[in-house]
Amino acid sequence: MRIAFLTGAGMSAESGVPTFRDALTGLWSRYDAMTLATEDAFRRDPALVWGWYRWRAAMVRRARPNAGHFGIAEFVRSGHAVEVVTQNVDDLHERGGMREAIHLHGRLFASRCLDCGATREPDPIVDGLDAIVDGVRETPPACDACGGPFRPGVVWFGEALPEDAWASAVAVLGRCELLVVVGTSGLVHPAASLPRLASTRGTRVIEINPVDSAVSPLAHECLRMPAGAGIRILLERYA
């Protein structure tokens, strides 16, 4: 069967990765994560925003894939054609056994020059991550090509999604026979339109989420449980 998984923050929450709605700690406790994830915030205080993303990258690096990530990869070993579209910027799907995932909102372990888009190897956002615990304000490195500051390779609020990732996601949702939506609120656009795209084609939609979401009215079945437990049930059904 051709199965698509659309995953959101709830997918990584079981690995201990906090969502944007979770309270921040330490140096970051007086900030709203939503206000740090914009180009305006970065231009106002690049050291604050770069330091926060480096702290977040260090936290994700220490996290481990959970049963949900491993379960999705198990669908592949069971002979299904599996494609993953994720709103998450972490690499847990890949570390959990998927060769690739479509990252709608960019990748945390990548950075580029804010001004000219140049990249550098090794990527500066991963430099010395193992030593970062609480995080500090940190001036972003300067681009070798133009001198501009490096920024995280994620999609900030107010920015368009990467065109290639969006086109790939639409193609995936257009050809799947089953769509499993895991741990997403269904409120962040344009990603929120993808379940409806599959639904209008008559594709079966299953939601895995402990709580109701904007996806729930579109779903043929709602499994009110965390990602790992829900994916295990589907493995038992479809393997």
# chains A, B, ... in the order shown; residues from 1 in each chain; ligands from 1
$ residues_around --residues "Arg56 (chain A)" --least-positions-apart "4" --cutoff "9 Å" --atoms "only C-alpha atoms" --output "PyMOL selection string"
chain A and resi 17+51-52+60-61+108+135
$ residues_around --residues "Leu178 (chain A)" --least-positions-apart "4" --cutoff "12 Å" --atoms "only C-alpha atoms" --output "list in words"
Met1, Arg2, Ile3, Ala4, Phe5, Leu6, His80, Ala81, Val82, Glu83, Val84, Val172, Leu173, Gly174, Pro195, Ala198, Ser199, Arg201, Gly202, Thr203, Arg204, Val205, Ile206, Glu207, Ala219, His220, Glu221, Leu234 and Tyr238 of chain A
$ closest_residue --among "A:Ala47, A:Val155, A:Ile233, A:Val170" --to "Pro141 (chain A)" --atoms "only C-alpha atoms"
A:Ala47
$ select_by_dssp --residues "region 11-202 of chain A" --states "alpha helix (DSSP H)" --output "PyMOL selection string"
chain A and resi 11-13+33-36+39-44+46-62+67-77+92-95+163-175+194-200
$ closest_residue --among "A:Glu39, A:Asp45, A:Asp32, A:Glu94" --to "His69 (chain A)" --atoms "only C-alpha atoms"
A:Glu94
$ closest_residue --among "A:Arg196, A:Arg107, A:Arg224, A:Arg120" --to "Ala57 (chain A)" --atoms "only C-alpha atoms"
A:Arg107
$ closest_residue --among "A:Asp144, A:Asp40, A:Asp164, A:Glu14" --to "His105 (chain A)" --atoms "only C-alpha atoms"
A:Asp164
$ closest_residue --among "A:Cys113, A:Ser185, A:Ala214, A:Ala171" --to "Phe150 (chain A)" --atoms "only C-alpha atoms"
A:Cys113
$ closest_residue --among "A:Arg54, A:Arg232, A:His189, A:His103" --to "Ser168 (chain A)" --atoms "only C-alpha atoms"
A:His103
$ residues_around --residues "Pro152 (chain A)" --least-positions-apart "2" --cutoff "8 Å" --atoms "only C-alpha atoms" --output "number ranges by chain"
A: 50, 53, 108-112, 125, 150, 154
$ decode --residues "region 53-73 of chain A" --atoms "N, CA, C and O atoms" --output "short mmCIF file (atom, residue, chain, number, x, y, z; two decimals), in the first residue's frame"
data_model
loop_
_atom_site.label_atom_id
_atom_site.label_comp_id
_atom_site.auth_asym_id
_atom_site.auth_seq_id
_atom_site.Cartn_x
_atom_site.Cartn_y
_atom_site.Cartn_z
N TYR A 53 18.46 29.03 18.80
CA TYR A 53 18.39 27.90 17.86
C TYR A 53 19.54 26.92 18.08
O TYR A 53 19.37 25.71 17.90
N ARG A 54 20.69 27.42 18.48
CA ARG A 54 21.80 26.51 18.79
C ARG A 54 21.45 25.67 20.02
O ARG A 54 21.74 24.46 20.07
N TRP A 55 20.81 26.30 21.03
CA TRP A 55 20.37 25.56 22.21
C TRP A 55 19.35 24.50 21.81
O TRP A 55 19.41 23.35 22.26
N ARG A 56 18.42 24.89 20.95
CA ARG A 56 17.39 23.94 20.50
C ARG A 56 18.03 22.79 19.71
O ARG A 56 17.64 21.63 19.85
N ALA A 57 19.00 23.11 18.85
CA ALA A 57 19.68 22.07 18.08
C ALA A 57 20.42 21.10 19.00
O ALA A 57 20.41 19.88 18.77
N ALA A 58 21.05 21.63 20.05
CA ALA A 58 21.75 20.76 21.00
C ALA A 58 20.77 19.83 21.71
O ALA A 58 21.06 18.64 21.93
N MET A 59 19.60 20.36 22.06
CA MET A 59 18.58 19.56 22.74
C MET A 59 18.08 18.44 21.81
O MET A 59 17.91 17.29 22.23
N VAL A 60 17.86 18.78 20.54
CA VAL A 60 17.38 17.78 19.58
C VAL A 60 18.46 16.73 19.33
O VAL A 60 18.16 15.54 19.19
N ARG A 61 19.71 17.17 19.26
CA ARG A 61 20.80 16.22 19.04
C ARG A 61 20.85 15.16 20.14
O ARG A 61 21.16 14.00 19.89
N ARG A 62 20.52 15.56 21.36
CA ARG A 62 20.54 14.60 22.48
C ARG A 62 19.28 13.73 22.51
O ARG A 62 19.28 12.68 23.17
N ALA A 63 18.23 14.16 21.85
CA ALA A 63 16.99 13.38 21.81
C ALA A 63 17.19 12.13 20.96
O ALA A 63 18.08 12.06 20.11
N ARG A 64 16.33 11.16 21.19
CA ARG A 64 16.39 9.92 20.43
C ARG A 64 15.06 9.66 19.74
O ARG A 64 14.00 10.03 20.27
N PRO A 65 15.08 9.04 18.57
CA PRO A 65 13.81 8.69 17.92
C PRO A 65 12.96 7.84 18.86
O PRO A 65 13.49 7.05 19.66
N ASN A 66 11.66 7.99 18.77
CA ASN A 66 10.77 7.22 19.63
C ASN A 66 10.09 6.10 18.86
O ASN A 66 10.36 5.88 17.66
N ALA A 67 9.19 5.39 19.53
CA ALA A 67 8.53 4.24 18.92
C ALA A 67 7.76 4.62 17.66
O ALA A 67 7.63 3.81 16.73
N GLY A 68 7.27 5.86 17.60
CA GLY A 68 6.56 6.29 16.41
C GLY A 68 7.47 6.40 15.21
O GLY A 68 7.13 5.95 14.10
N HIS A 69 8.65 6.99 15.40
CA HIS A 69 9.61 7.10 14.30
C HIS A 69 10.03 5.70 13.82
O HIS A 69 10.06 5.43 12.61
N PHE A 70 10.36 4.83 14.77
CA PHE A 70 10.78 3.48 14.39
C PHE A 70 9.62 2.72 13.73
O PHE A 70 9.83 1.93 12.81
N GLY A 71 8.40 2.98 14.20
CA GLY A 71 7.25 2.29 13.64
C GLY A 71 7.00 2.66 12.19
O GLY A 71 6.65 1.80 11.36
N ILE A 72 7.17 3.92 11.85
CA ILE A 72 6.99 4.34 10.45
C ILE A 72 8.00 3.62 9.56
O ILE A 72 7.66 3.13 8.47
N ALA A 73 9.24 3.53 10.01
CA ALA A 73 10.26 2.82 9.23
C ALA A 73 9.91 1.34 9.10
O ALA A 73 10.24 0.70 8.09
#
